[in-house]
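Student: This is the structure I have questions about; it appears just below.
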Amino acid sequence: MEIKQPLTVDPQTDRILSDLPVIAVVVPCYKEEQALPISLPSLIQMLDRMSADGMISEHSFVLCSDDGSTDGTWCVISEFHKAAPGRVKGIHLAHNRGHQYALLAGLLAAAPMCDAAISIDADLQDDPAAMRQMIEQFKAGAEIVYGVRSSRESDTWFKRNTAHAFYSFQRHMGLDTVYDHADYRLMSRRAIELLAAYGESNLFLRGIIPQIGLKTAVVTYERSSRVAGESKYPLAKMLSFSIDGITSFSSRPLRMIFFVGIALLILDVAMALYVFTSYFGHDTIPGWTSLMLSTWFLGSLILIALGVVGEYIGKIFIEVKHRPRFAIDKDLL
Ligand code: UDP
Ligand code: MG
């Protein structure tokens with residue numbers, strides 16, 4: 001197996017320094033003035049410990065991507081940066097664009113300064129201790145390491161079951177995601193560069209990243225409750241996020257219209273048998289037979305026609321995304 005040799009780059013000069021990887025921890029933050037004073041020290045401590053153990057470079061850092069917060073989040077980030085400019089960096093989006101965009105902005109900003117970036121939420125619901133295993137997997141050659149929840153014991157029965165129903169619904173609708181993985185993952189600098197080639201504005205990272213390819217690994221961890229503050233993802237926002245995911249990746253719902261039309265056309269035959277039996281049994285009023293036959297037949301015909309139009313719209317939908325058509329992993333040119 002080919003082992004990727006991690007590089008350590010000097011953030012200022014971009015020079016290679018040693019073989020310990022520089023790790024960036026990218027944290028999307030929206031109105032997290034309560035959570036950050038707890039989570040930042042704990043993330044910094046995690047980096048300190050790993051670099052003291054000789055696992056990562058001492059130049060590793062936390063990069064906060066402030067998603068246009070209007071509270072004191074940016075002040076908190078600035079304070080931490082002032083105290084340790086090498087350890088805490090930050091970017092501030094001009095307005096609130098949503099978690100996915102804040103995360104992408106952070107990853108793209110961190111990529112030139114690191115060998116790998118780990119994305120984690122500001123509320124530390126995802127266990128930072130799993131970073132060690134992620135980095136081990138990275139050193140063993142994985143370029144994308146997914147953090148997967150081992151259990152949902154801390155979630156309510158309702159949350160657990162609706163979440164699982166969502167995953168299987170998404171899969172049936174043609175959206176391939178990693179089961180029980182949110183956005184806690186490690187990506188090598190190369191994986192982030194490949195991600196940058198996806199120019200779509202409807203961002204659903206959990207769908208795009210499995211499409212990048214490269215060697216992947218999975219690390220499991222226990223998900224806990226928020227350290228402070230409240231969730232910015234109520235049920236309605238989660239629902240619309242999931243629908244966004246499906247409609248950004250799959251034209252299967254459009255194709256389903258066509259098959260429903262065909263199914264109706266087959267049902268038409270049974271319906272016609274019933275209508276004719278009633279007609280010849282003199283069990284009908286004038287006009288019913290012709291109306292029933294034409295309604296059923298035309299209904300299925302309209303659905304089939306819509307399905308055909310849908311096929312073409314599905315093609316346009318794929319084309320306009322201008323996604324990269326392939327990525328070359330290795331070569332012997
Ligand atoms: N977040 C963001 N922009 C938003 C909403 C949320 O950057 O518009 C960040 C938030 O600060 C947190 C992460 O996304 O770091 C996940 O949000 P949250 O914990 O509220 O979601 P939940 O875990 O409840 O699904
Ligand atoms: Mg959370």
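Every chain in the structure tokens takes a letter, A first, then B, and so on in the order presented; its residues are numbered from 1, and the ligands are numbered from 1 following the presented order.
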Please tabulate, as CSV, the residues of segment 85-171 of chain A that come within 10 Å of segment 222-235 of chain A, each with its closest pair of atoms and the distance in Å to one decimal, counting only C-alpha atoms and ordering rows by chain, then residue number upward.

Tutor:
```
residue,atom,partner,partner_atom,distance
A:Gly98,CA,A:Lys232,CA,9.8
A:His99,CA,A:Lys232,CA,9.4
A:Asp121,CA,A:Arg226,CA,9.7
A:Ala122,CA,A:Val227,CA,8.8
A:Asp123,CA,A:Arg226,CA,5.1
A:Leu124,CA,A:Arg226,CA,6.4
A:Gln125,CA,A:Ser224,CA,4.9
A:Asp126,CA,A:Arg223,CA,5.2
A:Asp127,CA,A:Arg223,CA,6.5
A:Ala130,CA,A:Glu222,CA,9.2
A:Gly147,CA,A:Glu222,CA,9.8
A:Val148,CA,A:Glu222,CA,8.5
A:Arg149,CA,A:Glu222,CA,5.6
A:Ser150,CA,A:Glu222,CA,5.6
A:Ser151,CA,A:Glu222,CA,6.1
A:Arg152,CA,A:Arg223,CA,6.9
A:Glu153,CA,A:Arg223,CA,8.3
A:Ser154,CA,A:Ser224,CA,6.1
A:Asp155,CA,A:Ser224,CA,8.5
A:Lys159,CA,A:Leu235,CA,9.3
```

Student: Might you pull out every residue within 8 Å of Leu195 of chain A, with only C-alpha atoms counted and same-chain residues fewer than 5 positions away left off, and present them as a list in words?

Tutor: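 Close residues of Leu195 of chain A: Ile208, Ile209 and Ile212 of chain A.
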
Student: Among segment 70-147 of chain A, which residues does DSSP mark as strand (DSSP E or B) when it is run on the backbone? Keep the chain and numbering as in the structure and answer as a PyMOL selection string.

Tutor: chain A and resi 88-92+116-119+126+144-147

Student: Could you check which of A:Val26, A:Val88, A:His59, A:Asp53 is closest to Ala102 of chain A, using only C-alpha atoms?

Tutor: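 Of all the options, A:Val26 lies closest to Ala102 of chain A.
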
Student: For ligand 2, which residue among A:Gly86, A:Gly141, A:Pro28, A:Gly245 is the nearest when counting only C-alpha atoms and all ligand atoms?

Tutor: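 Ranking A:Gly86, A:Gly141, A:Pro28, A:Gly245 by distance to ligand 2, first place goes to A:Pro28.
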
Student: Point out the residue among A:Asp329, A:Ile318, A:Arg323, A:Gly261 with the least atom-to-atom distance to Leu301 of chain A, counting only C-alpha atoms.

Tutor: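 Result for the nearest residue to Leu301 of chain A: A:Gly261.
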